[in-house]
Every structure is written in C-alpha cells, then in structure tokens.
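Asks: Sharing a structure with you now.
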Amino acid sequence: VLKTLKIEFVTLIMNHALHSTKKYLKGVRLMQVIIKENYDEMSKEAAQIIKDAIHLKPNLVLGLATGSTPIGTYKELIRSCKEGDLDFSKVVTFNLDEYVGLPQKHDQSYHYFMHDKLFNHININEANVHVPSGIAKDFAQYCQWYEDEIDKAGGIDLQVLGIGSDGHIGFNEPGTSLASRTSLVTLTEETIEDNKRFFAGDEAAVPRFAITMGVGTIMEAKCCLLVANSEKKADPVSMLVEGPITSQITASALQMHPNAIVIVDESAASKLKRVDYYKWAYENRPTF
Ligand code: GLP
C-alpha cells in the first residue's frame, strides 16, 4: 500500500511540475528588440508599454530605473498623467538602486532624482514608492527587507532598465553572479567615470558603493523593459542582445528572461548584426 501511495505521490508532484512548466513556457518568446528612429520615439514606445500595463492593471508593481536614458519616458508618463489619461494612485514602485552614503535629499541621490524626474509630477501615493536607502545601518538586513517588500507587493510586474557602458543593469557590475539578490556592491572605475558628470565632473565625489537589486531579483520581474540610446550604448547593446550570456555583461542575463523587451534608437542599434530581422519581426509581430 505504501509503495502505491509513494508512486501516486510522485506522479502527483511530477504532474504539478509539468503543469507549472507548461504554464511558464506559454509566455516564452524571443527577446523583443524594437528599433526606433531616435530618442523621442524610443521614449514614446517605452512609455506606451508602461501606460498599457497600468491601464490593464491599475495597481501595477512597477520597477524603475535612474540614469539619463529613461528621463524621456518619464516625461511622457507625466504628460499622460497630467492629461488625465494615466492614474498612478494605485501603482506601487520599486527602484533598482541607490548610492551608498547619500541621504535622500542629496541632489545626486536616486531618491532625489526619481522625485525630481517623475514622482513629484504624477499622482503617485508616496507610501507606494520604494527607493533603496543609501544610509541604512545594517545593509545586509536592509537588502533582505527590500527583497521581502517586493515579495509582499506580489513581485514586480514590469521592470524598467537602462544599461551601463560596461553592460550592467542596476549597479550589477561585470562579474556579478547572474543569480545575485539585492546587495551592497562596489562600483567599477568605469561607472564612477561615467557618472562623475552628475557630480560636477568630480570623480572623488562619486560614491564608491551602491545598493542594487540583484540580477536574480530583476530576472523575477514578469516583464523587463530595457531602454538604450546613443552610440555610447552600441557595444553594450550588441553584447546584451547578441553576445554570449555572461556575468561579464550582466544585462545579457535578459536573454534567459521569458518576456524581455529592448527598445533602442538607431545609434544604439548600430552594432547589432540582425537589425533587419528585428525590424521585420516588429513590423510583422503577431496580433493574435
Ligand atoms: C547607472 C544606473 C543604471 C543606469 C546607468 C546608465 O549606472 N545605476 O541603472 O542604467 O546608470 O545611465 P544612463 O542612462 O545615464 O546612460
């Protein structure tokens, strides 16, 4: 009797696993690469995807990114909100990262950036906004708390991403485990160099550490939406889309994501080998 019960139990577990896998695989498709003529078009397309998601799910859990790239997207969202076409009152947000050592009100903190570029101009409920703290007392504990908050909110539905010139997402620098979780990280010299323009060109003023969602955390978002523009992003974008999956380019993990959308302008797409196919696939995308 025990033997029969054991077989039945194993069959039950296997069926369950198979069912979950099927459900999971249903959404699997190619990484969608959308090439737009310029920055404005890229921003409009990204904003439209976010708008559609909020219309579909008013209490969307939205992951947000900083950097100059998504500013145009945020402007579009602000415009729609002001025109009464978009309601953020139930939207919950989680930002990717924050510099360690900068208090919220520092004008280069990501907390400040997000309020300045988006939150202060939309009808979001401040209680629903999450930007990691750069001045936590116990970072290990804080990072775990941040992960738990994401879980409690039901997980991220749509994660907006930019890409660093070294191919990072969030602040997940080359070499970071592709399974990493939210943690305290050391920035690379390249990132410090890239970001000193925000600190009046003073490299010494750029924090050396950051707190960032891990690659594994980002990969759990139901949909990832990466935006990139300009020639400066042509190399990292080609590595992200067509290079090998490697911890040396943490954005390349998105090749394993079942629902990743990459929106680039023509300059950022200039080093992609299969541009014609991406354009063709976009023009002939299934509408059923
Ligand atoms: C920082 C952020 C990233 C962002 C990157 C690119 O490193 N941590 O999330 O993607 O900058 O910034 P930009 O859009 O200004 O090129």
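Chains: A, B, ... in order of the structure tokens. Residues: from 1 per chain. Ligands: from 1, in order shown.
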Check the DSSP output for the backbone and give back, as a PyMOL selection string, the residues of segment 36-270 of chain A in helix (DSSP H, G or I).

Replies: chain A and resi 39-56+71-82+110-117+119-121+126-128+139-152+189-199+203-205+215-219+231-242+250-256

Asks: So which residues touch Ser89 of chain A within 7 Å, counting only C-alpha atoms, skipping near sequence neighbours fewer than 4 positions away, as a PyMOL selection string?

Replies: chain A and resi 123-125

Asks: Write to file, as a PDB file, in the first residue's frame, the residues of the selection just made, with N, CA and C atoms.

Replies:
ATOM      1  N   ASN A 123       0.366  61.544  -9.848  1.00  0.00           N
ATOM      2  CA  ASN A 123      -0.473  61.367  -8.647  1.00  0.00           C
ATOM      3  C   ASN A 123      -0.164  60.055  -7.922  1.00  0.00           C
ATOM      4  N   ILE A 124       1.138  59.806  -7.723  1.00  0.00           N
ATOM      5  CA  ILE A 124       1.504  58.569  -7.027  1.00  0.00           C
ATOM      6  C   ILE A 124       1.367  58.777  -5.510  1.00  0.00           C
ATOM      7  N   ASN A 125       1.011  57.701  -4.815  1.00  0.00           N
ATOM      8  CA  ASN A 125       0.923  57.738  -3.368  1.00  0.00           C
ATOM      9  C   ASN A 125       2.334  57.470  -2.811  1.00  0.00           C
TER      10      ASN A 125
END

Asks: Can you tell me which residues come within 7 Å of ligand 1 when counting only C-alpha atoms and all ligand atoms, ideally as a list of chain:residue names?

Replies: A:Ala65, A:Thr66, A:Gly67, A:Ser68, A:Thr69, A:Pro70, A:Leu96, A:Asp97, A:Leu161, A:Gly162, A:Ile163, A:Gly164, A:Ile169, A:Gly170, A:Phe171, A:Thr191

Asks: Counting only C-alpha atoms, which of A:Ala136, A:Ala221, A:Met31, A:Ala260 gets nearest to Glu98 of chain A?

Replies: A:Ala136

Asks: My list of candidates is A:Arg181, A:Val227, A:Cys143, A:Pro207. Which is closest to Ser109 of chain A when distances are computed with only C-alpha atoms?

Replies: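 Counting only C-alpha atoms, the residue closest to Ser109 of chain A is A:Pro207.
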
Asks: Separation of atom CA of Ile122 of chain A and atom CA of Tyr142 of chain A, in Å?

Replies: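 Computing it gives 27.6 Å between the two atoms.
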
Asks: Given the choices A:Glu189, A:Asp202, A:Asp52, A:Glu220, which gets closest to Ala253 of chain A if the distance is worked out from only C-alpha atoms?

Replies: A:Glu220

Asks: Which residues are near Leu77 of chain A? Cut-off 9 Å, only C-alpha atoms, ignore same chain within fewer than 2 positions. Put them as number ranges by chain.

Replies: A: 44, 47-48, 50-51, 72-75, 79-82, 86, 118, 122

Asks: Keeping only C-alpha atoms, write the selected residues as a tab-separated table (two decimals), in the first residue's frame.

Replies:
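Saved the output as again.tsv:
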chain	number	residue	atom	x	y	z
A	44	LYS	CA	7.29	57.19	-26.54
A	47	ALA	CA	6.03	54.96	-22.15
A	48	GLN	CA	3.25	53.35	-24.19
A	50	ILE	CA	4.11	51.21	-19.30
A	51	LYS	CA	0.80	53.02	-19.91
A	72	GLY	CA	12.18	61.00	-21.82
A	73	THR	CA	9.99	58.01	-20.93
A	74	TYR	CA	9.17	59.59	-17.57
A	75	LYS	CA	8.30	62.89	-19.30
A	79	ARG	CA	2.29	64.23	-19.76
A	80	SER	CA	-0.27	61.40	-19.89
A	81	CYS	CA	-0.94	61.73	-16.18
A	82	LYS	CA	-1.50	65.49	-16.50
A	86	LEU	CA	-2.98	57.79	-16.67
A	118	LEU	CA	8.81	61.60	-12.02
A	122	ILE	CA	2.31	62.42	-11.00

Asks: Please, what distance in Å, to one decimal, runs between atom CA of Lys57 of chain A and atom CA of Val215 of chain A?

Replies: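 Taking atom CA of Lys57 of chain A as the start and atom CA of Val215 of chain A as the end point, the length is 24.9 Å.
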